[in-house]
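Text of the file run-v4.tsv, holding TSV, C-alpha atoms and all ligand atoms:
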```
chain	number	residue	atom	x	y	z
C	678	MET	CA	0.22	-31.58	145.99
C	679	LEU	CA	1.21	-33.14	142.68
C	680	ASP	CA	2.31	-30.78	139.95
C	681	ILE	CA	0.48	-32.36	137.03
C	682	ARG	CA	1.29	-29.47	134.77
C	683	ARG	CA	4.92	-30.22	134.04
C	684	GLN	CA	5.81	-33.32	132.12
C	685	SER	CA	8.80	-35.45	133.05
C	686	THR	CA	9.59	-36.54	129.49
C	687	GLU	CA	9.73	-33.90	126.77
C	688	VAL	CA	7.04	-34.68	124.21
C	689	ARG	CA	7.38	-33.18	120.72
C	690	ALA	CA	3.96	-32.08	119.55
C	691	GLY	CA	2.51	-31.19	116.17
C	692	ILE	CA	-0.90	-29.62	115.61
C	693	VAL	CA	-3.11	-29.69	112.55
C	694	GLY	CA	-5.90	-27.10	112.58
C	695	THR	CA	-5.46	-23.48	113.61
C	696	GLY	CA	-8.95	-22.42	114.70
C	697	PHE	CA	-10.22	-21.79	118.24
C	698	ILE	CA	-9.60	-25.30	119.49
C	699	GLY	CA	-6.19	-25.69	117.79
C	700	ARG	CA	-5.07	-22.62	119.70
C	701	ILE	CA	-6.31	-24.07	122.98
C	702	HIS	CA	-4.33	-27.27	122.32
C	703	ALA	CA	-1.22	-25.24	121.45
C	704	ARG	CA	-1.48	-23.16	124.58
C	705	ALA	CA	-1.95	-26.25	126.76
C	706	ALA	CA	1.00	-28.05	125.17
C	707	ARG	CA	3.31	-25.09	125.82
C	708	GLN	CA	1.91	-24.63	129.30
C	709	ILE	CA	2.85	-28.16	130.36
C	710	GLY	CA	6.35	-27.91	128.93
C	711	ALA	CA	5.93	-29.84	125.68
C	712	ARG	CA	7.90	-28.79	122.60
C	713	LEU	CA	5.47	-27.33	120.09
C	714	VAL	CA	7.39	-28.36	117.01
C	715	GLY	CA	5.12	-28.03	114.02
C	716	ILE	CA	1.81	-26.68	112.81
C	717	ALA	CA	-0.12	-27.48	109.65
C	718	GLY	CA	-3.21	-25.53	108.65
C	719	ALA	CA	-5.39	-24.92	105.62
C	720	ASP	CA	-2.26	-23.75	103.74
C	721	LEU	CA	1.31	-22.59	104.41
C	722	ALA	CA	0.34	-18.96	105.02
C	723	ASN	CA	-2.21	-20.01	107.60
C	724	ALA	CA	0.29	-22.36	109.30
C	725	THR	CA	3.01	-19.66	109.28
C	726	GLU	CA	0.69	-17.15	110.92
C	727	ALA	CA	-0.22	-19.72	113.60
C	728	VAL	CA	3.43	-20.62	114.23
C	729	GLN	CA	4.16	-16.96	114.99
C	730	ALA	CA	1.03	-16.42	117.08
C	731	LEU	CA	1.46	-19.61	119.11
C	732	GLY	CA	5.23	-19.70	119.48
C	733	ALA	CA	5.74	-22.95	117.57
C	734	GLU	CA	8.94	-23.86	115.75
C	735	LYS	CA	7.99	-24.65	112.14
C	736	ALA	CA	5.09	-24.30	109.70
C	737	PHE	CA	4.25	-27.25	107.44
C	738	GLU	CA	2.51	-26.94	104.10
C	739	THR	CA	0.62	-30.21	104.47
C	740	VAL	CA	-0.30	-32.48	107.35
C	741	THR	CA	1.43	-35.40	105.58
C	742	GLU	CA	4.71	-33.46	105.73
C	743	LEU	CA	4.19	-32.88	109.43
C	744	ILE	CA	3.36	-36.55	110.06
C	745	THR	CA	6.35	-37.88	108.12
C	746	SER	CA	8.82	-35.22	109.32
C	747	GLY	CA	10.25	-37.47	112.03
C	748	LEU	CA	10.16	-34.39	114.26
C	749	ILE	CA	7.07	-35.14	116.37
C	750	ASP	CA	5.87	-37.81	118.83
C	751	VAL	CA	2.21	-36.78	118.91
C	752	LEU	CA	-0.20	-35.19	116.49
C	753	HIS	CA	-3.09	-33.09	117.84
C	754	ILE	CA	-5.96	-33.12	115.31
C	755	CYS	CA	-8.04	-29.95	115.54
C	756	THR	CA	-9.59	-29.83	112.07
C	757	PRO	CA	-13.24	-29.96	111.03
C	758	ASN	CA	-14.79	-33.34	111.87
C	759	HIS	CA	-14.70	-34.96	108.41
C	760	LEU	CA	-10.89	-34.79	108.39
C	761	HIS	CA	-10.38	-36.50	111.77
C	762	ALA	CA	-10.45	-40.09	110.48
C	763	PRO	CA	-8.16	-39.84	107.44
C	764	ILE	CA	-5.55	-37.80	109.31
C	765	ALA	CA	-5.67	-39.97	112.45
C	766	LEU	CA	-5.33	-43.17	110.43
C	767	GLU	CA	-2.35	-41.75	108.55
C	768	ALA	CA	-0.68	-40.60	111.77
C	769	MET	CA	-1.22	-43.93	113.56
C	770	GLU	CA	0.13	-45.76	110.52
C	771	ALA	CA	3.28	-43.66	110.90
C	772	GLY	CA	3.51	-44.76	114.55
C	773	LEU	CA	2.55	-41.42	116.10
C	774	ALA	CA	0.47	-40.95	119.22
C	775	VAL	CA	-2.74	-39.08	118.33
C	776	ILE	CA	-4.92	-36.66	120.24
C	777	CYS	CA	-8.03	-36.15	118.12
C	778	GLU	CA	-10.87	-33.70	118.73
C	779	LYS	CA	-14.44	-34.96	119.18
C	780	PRO	CA	-16.56	-36.23	117.59
C	781	LEU	CA	-13.87	-38.77	116.75
C	782	ALA	CA	-15.47	-39.43	113.36
C	783	THR	CA	-18.64	-38.42	111.56
C	784	ASP	CA	-20.09	-41.94	111.93
C	785	ALA	CA	-19.78	-44.72	114.50
C	786	PRO	CA	-18.26	-47.48	112.28
C	787	THR	CA	-15.39	-45.17	111.27
C	788	ALA	CA	-14.80	-44.20	114.91
C	789	GLN	CA	-14.77	-47.90	115.82
C	790	LEU	CA	-12.24	-48.61	113.06
C	791	MET	CA	-10.01	-45.82	114.42
C	792	ALA	CA	-10.16	-47.33	117.92
C	793	GLU	CA	-9.25	-50.76	116.53
C	794	ARG	CA	-6.36	-49.38	114.48
C	795	ALA	CA	-5.05	-47.60	117.58
C	796	LYS	CA	-5.13	-50.86	119.51
C	797	ASN	CA	-3.37	-52.81	116.74
C	798	ALA	CA	-0.77	-50.10	116.20
C	799	GLY	CA	-0.14	-49.91	119.96
C	800	VAL	CA	-0.09	-46.12	119.88
C	801	LEU	CA	-1.43	-43.85	122.60
C	802	THR	CA	-4.64	-42.06	121.65
C	803	ALA	CA	-6.78	-39.51	123.44
C	804	VAL	CA	-9.97	-37.53	122.82
C	805	PRO	CA	-10.47	-34.19	124.62
C	806	PHE	CA	-13.51	-34.99	126.72
C	807	VAL	CA	-11.99	-32.33	128.91
C	808	TYR	CA	-14.82	-31.83	131.36
C	809	ARG	CA	-13.60	-35.05	133.00
C	810	PHE	CA	-10.67	-32.96	134.20
C	811	HIS	CA	-12.60	-30.49	136.35
C	812	PRO	CA	-11.67	-31.40	139.93
C	813	MET	CA	-15.32	-31.24	141.04
C	814	VAL	CA	-16.22	-33.83	138.38
C	815	ARG	CA	-13.62	-36.16	139.88
C	816	GLU	CA	-15.06	-35.34	143.32
C	817	ALA	CA	-18.57	-36.23	142.08
C	818	ARG	CA	-17.30	-39.54	140.66
C	819	GLU	CA	-15.67	-40.42	143.98
C	820	ARG	CA	-18.63	-39.44	146.15
C	821	LEU	CA	-21.21	-41.16	143.97
C	822	THR	CA	-19.75	-44.58	144.82
C	823	ALA	CA	-20.93	-44.08	148.42
C	824	LEU	CA	-24.49	-42.97	147.57
C	825	GLY	CA	-26.03	-46.31	146.64
C	826	ARG	CA	-28.19	-47.21	143.67
C	827	VAL	CA	-28.74	-44.48	141.09
C	828	SER	CA	-32.38	-43.78	140.23
C	829	LEU	CA	-32.20	-40.81	137.88
C	830	ILE	CA	-29.61	-39.10	135.69
C	831	GLN	CA	-30.63	-35.83	134.05
C	832	GLY	CA	-29.22	-32.68	132.62
C	833	SER	CA	-28.53	-30.61	129.58
C	834	TYR	CA	-25.86	-29.02	127.45
C	835	LEU	CA	-27.05	-25.64	126.19
C	836	GLN	CA	-25.40	-23.00	124.01
C	837	ASP	CA	-26.74	-20.03	121.99
C	838	TRP	CA	-24.01	-19.28	119.47
C	839	LEU	CA	-26.10	-20.61	116.53
C	840	LEU	CA	-29.35	-18.89	117.52
C	841	GLU	CA	-29.57	-16.34	114.69
C	842	SER	CA	-29.95	-17.15	111.00
C	843	THR	CA	-26.84	-15.02	110.46
C	844	ASP	CA	-24.82	-17.35	112.75
C	845	ASP	CA	-22.96	-19.97	110.77
C	846	ASN	CA	-20.12	-22.42	111.11
C	847	TRP	CA	-18.65	-25.44	109.30
C	848	ARG	CA	-20.34	-27.66	111.90
C	849	VAL	CA	-23.72	-26.83	110.33
C	850	ASP	CA	-22.65	-28.41	107.02
C	851	PRO	CA	-23.10	-32.22	107.16
C	852	LYS	CA	-20.23	-32.71	104.69
C	853	GLN	CA	-17.79	-31.21	107.19
C	854	GLY	CA	-19.47	-31.69	110.54
C	855	GLY	CA	-21.25	-34.99	109.95
C	856	PRO	CA	-24.95	-35.88	109.79
C	857	GLY	CA	-25.55	-34.90	113.41
C	858	ARG	CA	-24.35	-31.55	114.71
C	859	THR	CA	-25.53	-30.66	118.22
C	860	ILE	CA	-25.57	-34.26	119.46
C	861	GLY	CA	-22.07	-34.96	118.06
C	862	ASP	CA	-20.56	-31.61	119.02
C	863	ILE	CA	-21.82	-31.21	122.57
C	864	GLY	CA	-24.07	-34.22	123.28
C	865	SER	CA	-20.92	-36.38	122.94
C	866	HIS	CA	-19.37	-34.49	125.89
C	867	TRP	CA	-22.48	-35.09	127.99
C	868	PHE	CA	-22.73	-38.80	127.16
C	869	ASP	CA	-19.05	-39.25	127.95
C	870	LEU	CA	-19.35	-37.41	131.25
C	871	VAL	CA	-22.37	-39.41	132.37
C	872	GLU	CA	-20.76	-42.77	131.77
C	873	PHE	CA	-17.49	-41.55	133.30
C	874	VAL	CA	-19.06	-40.19	136.47
C	875	THR	CA	-21.55	-43.01	137.07
C	876	GLY	CA	-19.49	-45.92	135.71
C	877	ASP	CA	-22.80	-47.08	134.23
C	878	ARG	CA	-23.62	-47.60	130.53
C	879	ILE	CA	-26.55	-46.29	128.52
C	880	THR	CA	-28.18	-49.40	127.10
C	881	LYS	CA	-31.26	-48.02	125.37
C	882	LEU	CA	-32.30	-44.59	124.16
C	883	CYS	CA	-35.04	-42.67	122.41
C	884	ALA	CA	-34.30	-39.26	120.85
C	885	GLN	CA	-36.06	-36.38	119.12
C	886	THR	CA	-34.24	-33.77	117.06
C	887	SER	CA	-35.32	-30.39	115.73
C	888	VAL	CA	-34.05	-27.78	113.29
C	889	PHE	CA	-35.09	-24.45	114.80
C	890	VAL	CA	-33.35	-22.15	112.32
C	891	PRO	CA	-34.39	-23.60	108.94
C	892	GLU	CA	-32.11	-21.44	106.80
C	893	ARG	CA	-28.73	-19.81	107.51
C	894	ALA	CA	-27.46	-16.78	105.65
C	895	GLY	CA	-24.13	-18.32	104.65
C	896	SER	CA	-25.02	-21.94	103.99
C	897	GLY	CA	-28.73	-22.04	103.10
C	898	PRO	CA	-31.17	-24.74	104.25
C	899	VAL	CA	-30.12	-26.39	107.52
C	900	LEU	CA	-29.87	-30.19	107.50
C	901	THR	CA	-28.32	-30.79	110.94
C	902	GLU	CA	-30.19	-30.56	114.26
C	903	ASP	CA	-30.10	-27.36	116.33
C	904	LEU	CA	-31.42	-29.20	119.37
C	905	ALA	CA	-32.36	-32.64	120.64
C	906	THR	CA	-33.84	-34.41	123.62
C	907	VAL	CA	-32.80	-37.92	124.59
C	908	GLN	CA	-34.44	-40.28	127.04
C	909	PHE	CA	-32.40	-43.28	128.16
C	910	ILE	CA	-32.07	-46.31	130.43
C	911	THR	CA	-28.77	-47.57	131.86
C	912	ALA	CA	-27.42	-51.06	132.51
C	913	SER	CA	-28.14	-50.68	136.24
C	914	GLY	CA	-31.75	-49.66	135.51
C	915	ALA	CA	-31.43	-45.91	136.12
C	916	LEU	CA	-33.64	-43.63	134.03
C	917	GLY	CA	-32.23	-40.58	132.28
C	918	THR	CA	-32.97	-37.55	130.15
C	919	VAL	CA	-30.85	-34.90	128.50
C	920	ALA	CA	-31.59	-31.82	126.37
C	921	VAL	CA	-28.91	-30.39	124.08
C	922	SER	CA	-29.25	-27.15	122.14
C	923	GLN	CA	-27.16	-24.60	120.28
C	924	VAL	CA	-30.09	-22.17	120.08
C	925	ALA	CA	-30.88	-21.61	123.81
C	926	PRO	CA	-30.69	-17.82	124.42
C	927	GLY	CA	-28.44	-16.85	127.30
C	928	ARG	CA	-26.84	-20.25	127.71
C	929	LYS	CA	-23.25	-20.09	126.48
C	930	ASN	CA	-21.68	-23.42	127.35
C	931	ARG	CA	-23.85	-24.80	130.09
C	932	LEU	CA	-23.25	-28.46	130.59
C	933	PHE	CA	-25.33	-29.54	133.58
C	934	LEU	CA	-25.44	-33.01	135.08
C	935	GLU	CA	-27.45	-34.17	138.08
C	936	VAL	CA	-27.51	-37.70	139.48
C	937	SER	CA	-30.01	-38.85	142.12
C	938	ALA	CA	-29.02	-41.95	144.09
C	939	ALA	CA	-30.40	-43.81	147.12
C	940	THR	CA	-28.80	-41.69	149.84
C	941	GLY	CA	-28.01	-38.44	148.07
C	942	SER	CA	-27.79	-36.43	144.86
C	943	LEU	CA	-24.97	-34.63	143.08
C	944	ALA	CA	-25.07	-31.84	140.51
C	945	PHE	CA	-22.29	-30.29	138.43
C	946	ASP	CA	-22.56	-27.16	136.27
C	947	GLN	CA	-19.68	-26.58	133.83
C	948	GLU	CA	-20.19	-22.79	133.94
C	949	ASN	CA	-19.79	-22.87	137.71
C	950	PRO	CA	-17.12	-25.55	138.00
C	951	GLU	CA	-15.76	-24.57	141.39
C	952	GLN	CA	-18.81	-26.05	143.13
C	953	LEU	CA	-20.59	-29.35	143.41
C	954	TRP	CA	-24.13	-29.47	144.72
C	955	LEU	CA	-24.65	-32.23	147.26
C	956	GLY	CA	-28.33	-32.99	147.80
C	957	GLY	CA	-29.63	-34.81	150.88
C	958	ARG	CA	-33.03	-35.68	152.32
C	959	THR	CA	-32.28	-33.74	155.50
C	960	GLY	CA	-30.01	-31.06	154.12
C	961	SER	CA	-28.14	-30.00	151.02
C	962	GLN	CA	-25.00	-27.98	150.42
C	963	ALA	CA	-22.82	-26.47	147.75
C	964	LEU	CA	-19.39	-28.01	148.23
C	965	VAL	CA	-16.82	-25.40	147.22
C	966	ARG	CA	-13.53	-26.61	145.72
C	967	ASP	CA	-11.04	-26.53	148.54
C	968	PRO	CA	-7.97	-28.76	148.53
C	969	LEU	CA	-8.47	-29.19	152.29
C	970	SER	CA	-11.73	-31.09	151.77
C	971	LEU	CA	-11.24	-32.86	148.44
C	972	SER	CA	-10.72	-36.54	147.75
C	973	GLU	CA	-7.33	-37.69	146.41
C	974	ALA	CA	-8.88	-38.10	142.94
C	975	ALA	CA	-9.99	-34.46	142.82
C	976	LEU	CA	-6.90	-33.13	144.55
C	977	ARG	CA	-4.77	-34.30	141.68
C	978	TYR	CA	-6.58	-31.81	139.40
C	979	SER	CA	-6.66	-29.01	141.93
C	980	PRO	CA	-3.28	-27.24	141.78
C	981	LEU	CA	-4.64	-23.88	142.97
C	982	PRO	CA	-5.61	-23.12	146.57
C	983	ALA	CA	-9.25	-22.47	147.50
C	984	GLY	CA	-10.60	-19.11	146.38
C	985	HIS	CA	-8.43	-19.02	143.27
C	986	PRO	CA	-10.94	-20.16	140.61
C	987	GLN	CA	-9.95	-22.83	138.13
C	988	GLY	CA	-11.72	-23.16	134.78
C	989	PHE	CA	-11.74	-24.36	131.19
C	990	HIS	CA	-8.03	-23.71	130.50
C	991	ASP	CA	-7.10	-25.60	133.64
C	992	CYS	CA	-9.07	-28.71	132.74
C	993	PHE	CA	-7.75	-28.57	129.17
C	994	ASP	CA	-4.16	-28.27	130.41
C	995	ALA	CA	-4.73	-31.20	132.77
C	996	PHE	CA	-6.09	-33.31	129.90
C	997	VAL	CA	-3.08	-32.56	127.68
C	998	ALA	CA	-0.73	-33.15	130.62
C	999	ASP	CA	-2.23	-36.60	131.24
C	1000	ALA	CA	-2.20	-37.49	127.54
C	1001	HIS	CA	1.45	-36.46	127.18
C	1002	ALA	CA	2.37	-38.28	130.38
C	1003	ALA	CA	0.78	-41.43	128.97
C	1004	ILE	CA	2.81	-40.98	125.77
C	1005	GLY	CA	5.87	-40.89	128.04
C	1006	LYS	CA	4.74	-44.28	129.44
C	1007	ASP	CA	3.22	-42.86	132.61
C	1008	PRO	CA	-0.43	-43.97	132.26
C	1009	ARG	CA	-3.11	-41.83	133.93
C	1010	GLU	CA	-6.48	-43.11	135.15
C	1011	GLY	CA	-9.46	-41.49	133.47
C	1012	LEU	CA	-7.74	-40.43	130.24
C	1013	PRO	CA	-10.36	-40.58	127.45
C	1014	THR	CA	-9.01	-42.68	124.58
C	1015	PHE	CA	-10.20	-43.50	121.04
C	1016	GLU	CA	-12.30	-46.25	122.65
C	1017	ASP	CA	-14.20	-43.58	124.57
C	1018	GLY	CA	-14.44	-41.48	121.40
C	1019	ALA	CA	-15.91	-44.47	119.56
C	1020	ARG	CA	-18.36	-45.06	122.41
C	1021	ALA	CA	-19.61	-41.44	122.21
C	1022	ALA	CA	-19.88	-41.76	118.41
C	1023	HIS	CA	-21.90	-44.94	118.89
C	1024	LEU	CA	-24.34	-43.17	121.24
C	1025	THR	CA	-24.53	-40.21	118.83
C	1026	ASP	CA	-25.38	-42.52	115.92
C	1027	ALA	CA	-27.98	-44.33	118.05
C	1028	ALA	CA	-29.64	-41.01	118.97
C	1029	LEU	CA	-29.75	-39.84	115.36
C	1030	ARG	CA	-31.17	-43.17	114.24
C	1031	SER	CA	-33.76	-43.15	117.00
C	1032	ALA	CA	-34.92	-39.67	115.97
C	1033	ARG	CA	-35.04	-40.66	112.31
C	1034	GLU	CA	-36.93	-43.90	112.89
C	1035	GLY	CA	-39.07	-42.65	115.78
C	1036	ARG	CA	-38.27	-45.55	118.11
C	1037	TRP	CA	-36.11	-46.77	121.00
C	1038	ILE	CA	-32.68	-48.07	120.00
C	1039	GLU	CA	-30.58	-50.59	121.95
C	1040	CYS	CA	-27.01	-49.40	122.35
C	1101	LIG	C1	-18.63	-25.57	119.97
C	1101	LIG	O1	-19.91	-26.06	120.14
C	1101	LIG	C2	-17.73	-26.00	121.10
C	1101	LIG	O2	-16.53	-25.30	120.89
C	1101	LIG	C3	-17.45	-27.48	121.14
C	1101	LIG	O3	-16.90	-27.95	119.93
C	1101	LIG	C4	-16.57	-27.81	122.32
C	1101	LIG	O4	-16.31	-29.18	122.40
C	1101	LIG	C5	-17.23	-27.31	123.59
C	1101	LIG	O5	-16.36	-27.49	124.64
C	1101	LIG	C6	-17.59	-25.87	123.48
C	1101	LIG	O6	-18.30	-25.62	122.34
```

As structure tokens - that is how I would like this structure written.
Amino acid sequence: MLDIRRQSTEVRAGIVGTGFIGRIHARAARQIGARLVGIAGADLANATEAVQALGAEKAFETVTELITSGLIDVLHICTPNHLHAPIALEAMEAGLAVICEKPLATDAPTAQLMAERAKNAGVLTAVPFVYRFHPMVREARERLTALGRVSLIQGSYLQDWLLESTDDNWRVDPKQGGPGRTIGDIGSHWFDLVEFVTGDRITKLCAQTSVFVPERAGSGPVLTEDLATVQFITASGALGTVAVSQVAPGRKNRLFLEVSAATGSLAFDQENPEQLWLGGRTGSQALVRDPLSLSEAALRYSPLPAGHPQGFHDCFDAFVADAHAAIGKDPREGLPTFEDGARAAHLTDAALRSAREGRWIEC
């Protein structure tokens, strides 16, 4: 079995952003053997605290100092959404590889510009669409190729952490999070996963959005959607639907995807990632992750033996390992790049526009 968790070339990483997701990036970088050189945060005190907590080498007062330090090969951008584009553009200009959180930008044209700049600068970029790195997602992608024409793609991505009016977060504020919240924050993961697993493209969609909690204690009237439903059609003619919500009681981080094809169906549930449901006309089964029965593609992301559950940290580590390997000129199939980030931003914009204008949008 391949040990994907150790990198062959030492990559020197810097991180900007010290919240929940910045800490996950830091942990993953250390886990795979990268050098966690520098951290920049809201201010020096914040960066210094994070350096101590995360075992990094040096705190930087500003992200520009970190970018121009000459001490790092890659910058991980883990800030609120509105800062992704300016920081990424500055880092690419300085010749750094960039791993930028999703949504890549708060609007599709900016995300597209970032993807073009990355191409022109010839720097490696990546976006943490990390659910691609669950072994059972790779297994689904492999198996689907043998199931014939896809008829239906459906699913949901449901959370409840913004259910109460006392729940608040920078994502709710359009100035920081962007004009769309739930679609950009979690719908982008779902869109990416669907196109990755099926290899098909959404060509047309029709969306509805809703604000369920009209006012939040901290930030006042809510302008970004709490939930949305999207109906779509793909290039191959498959029909699809998805519901996304951050106000669905009891659902914490439930990304669910089911694909029905000519000779079988597949379903993946992110909260139960050790299994893949295989549906058949004459019998169905839950395929449990077991290196003895996995395809090569899934095996690569399955370092633990059967019965030793893998989860979110594992797929995040695998994503960072692949991104850092690619920086070290060892390209990895399936690594989501700025092009994929721009694609998800494009679908997000199309959904928001469809909901606003009450019509189908070509995408
Ligand atoms: C918050 O909705 C969030 O942390 C997202 O930003 C992540 O991308 C998702 O993985 C979990 O939920």

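Nearest residue to Phe933 (chain C), choosing from C:Leu969, C:Thr911, C:Gln831, C:Gly957 and counting only C-alpha atoms: C:Gln831.
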
Exercise for the section: Go through the chains and note each residue within 7 Å of ligand LIG 1101 (chain C), using only C-alpha atoms and all ligand atoms, then give the set as a PyMOL selection string. Expected result: chain C and resi 779+862-863+930

Show which residues sit within 10 Å of region 766-772 of chain C, as a tab-separated table (two decimals) with C-alpha atoms, in the frame of the given file. Count only C-alpha atoms, and ignore same-chain residues fewer than 2 positions away.
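The new file around30.tsv reads:
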```tsv
chain	number	residue	atom	x	y	z
C	740	VAL	CA	-0.30	-32.48	107.35
C	741	THR	CA	1.43	-35.40	105.58
C	743	LEU	CA	4.19	-32.88	109.43
C	744	ILE	CA	3.36	-36.55	110.06
C	745	THR	CA	6.35	-37.88	108.12
C	747	GLY	CA	10.25	-37.47	112.03
C	750	ASP	CA	5.87	-37.81	118.83
C	751	VAL	CA	2.21	-36.78	118.91
C	752	LEU	CA	-0.20	-35.19	116.49
C	753	HIS	CA	-3.09	-33.09	117.84
C	754	ILE	CA	-5.96	-33.12	115.31
C	761	HIS	CA	-10.38	-36.50	111.77
C	762	ALA	CA	-10.45	-40.09	110.48
C	763	PRO	CA	-8.16	-39.84	107.44
C	764	ILE	CA	-5.55	-37.80	109.31
C	774	ALA	CA	0.47	-40.95	119.22
C	775	VAL	CA	-2.74	-39.08	118.33
C	790	LEU	CA	-12.24	-48.61	113.06
C	791	MET	CA	-10.01	-45.82	114.42
C	792	ALA	CA	-10.16	-47.33	117.92
C	794	ARG	CA	-6.36	-49.38	114.48
C	795	ALA	CA	-5.05	-47.60	117.58
C	796	LYS	CA	-5.13	-50.86	119.51
C	797	ASN	CA	-3.37	-52.81	116.74
C	798	ALA	CA	-0.77	-50.10	116.20
C	799	GLY	CA	-0.14	-49.91	119.96
C	800	VAL	CA	-0.09	-46.12	119.88
C	801	LEU	CA	-1.43	-43.85	122.60
C	802	THR	CA	-4.64	-42.06	121.65
```

Handout entry: CA of Val921 (chain C) to CA of Gln836 (chain C), straight-line distance in Å
Key =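 Going from CA of Gln836 (chain C) over to CA of Val921 (chain C) covers 8.2 Å.
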
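Taking only C-alpha atoms into account, Ala1028 (chain C) lies nearest to C:Gln908 out of the set C:Ser842, C:Gln908, C:Ser942, C:Ser887.
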
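Here CA of Ala719 (chain C) and CA of Pro856 (chain C) stand 22.8 Å from one another.
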
May I ask you to restore all heavy atoms in region 851-856 of chain C and write the result as a tab-separated table (two decimals), in the frame of the given file?
```tsv
chain	number	residue	atom	x	y	z
C	851	PRO	N	-23.31	-30.79	106.88
C	851	PRO	CA	-23.10	-32.22	107.16
C	851	PRO	C	-21.86	-32.80	106.48
C	851	PRO	O	-21.28	-33.76	106.97
C	851	PRO	CB	-24.37	-32.90	106.62
C	851	PRO	CG	-25.16	-31.86	105.93
C	851	PRO	CD	-24.59	-30.51	106.25
C	852	LYS	N	-21.43	-32.18	105.37
C	852	LYS	CA	-20.23	-32.71	104.69
C	852	LYS	C	-18.98	-32.52	105.55
C	852	LYS	O	-18.04	-33.30	105.48
C	852	LYS	CB	-20.04	-31.99	103.35
C	852	LYS	CG	-21.05	-32.39	102.30
C	852	LYS	CD	-20.51	-32.06	100.90
C	852	LYS	CE	-21.63	-31.97	99.89
C	852	LYS	NZ	-22.36	-30.67	99.94
C	853	GLN	N	-18.97	-31.46	106.34
C	853	GLN	CA	-17.79	-31.21	107.19
C	853	GLN	C	-18.00	-31.65	108.64
C	853	GLN	O	-17.10	-32.16	109.28
C	853	GLN	CB	-17.46	-29.72	107.20
C	853	GLN	CG	-17.06	-29.18	105.84
C	853	GLN	CD	-16.64	-27.73	105.96
C	853	GLN	OE1	-15.58	-27.43	106.50
C	853	GLN	NE2	-17.47	-26.83	105.49
C	854	GLY	N	-19.21	-31.42	109.12
C	854	GLY	CA	-19.47	-31.69	110.54
C	854	GLY	C	-19.99	-33.09	110.80
C	854	GLY	O	-19.85	-33.63	111.89
C	855	GLY	N	-20.61	-33.69	109.77
C	855	GLY	CA	-21.25	-34.99	109.95
C	855	GLY	C	-22.75	-34.83	109.96
C	855	GLY	O	-23.27	-33.71	110.03
C	856	PRO	N	-23.49	-35.95	109.90
C	856	PRO	CA	-24.95	-35.88	109.79
C	856	PRO	C	-25.64	-35.34	111.03
C	856	PRO	O	-26.74	-34.81	110.96
C	856	PRO	CB	-25.34	-37.35	109.54
C	856	PRO	CG	-24.20	-38.16	110.04
C	856	PRO	CD	-22.96	-37.31	109.89
```
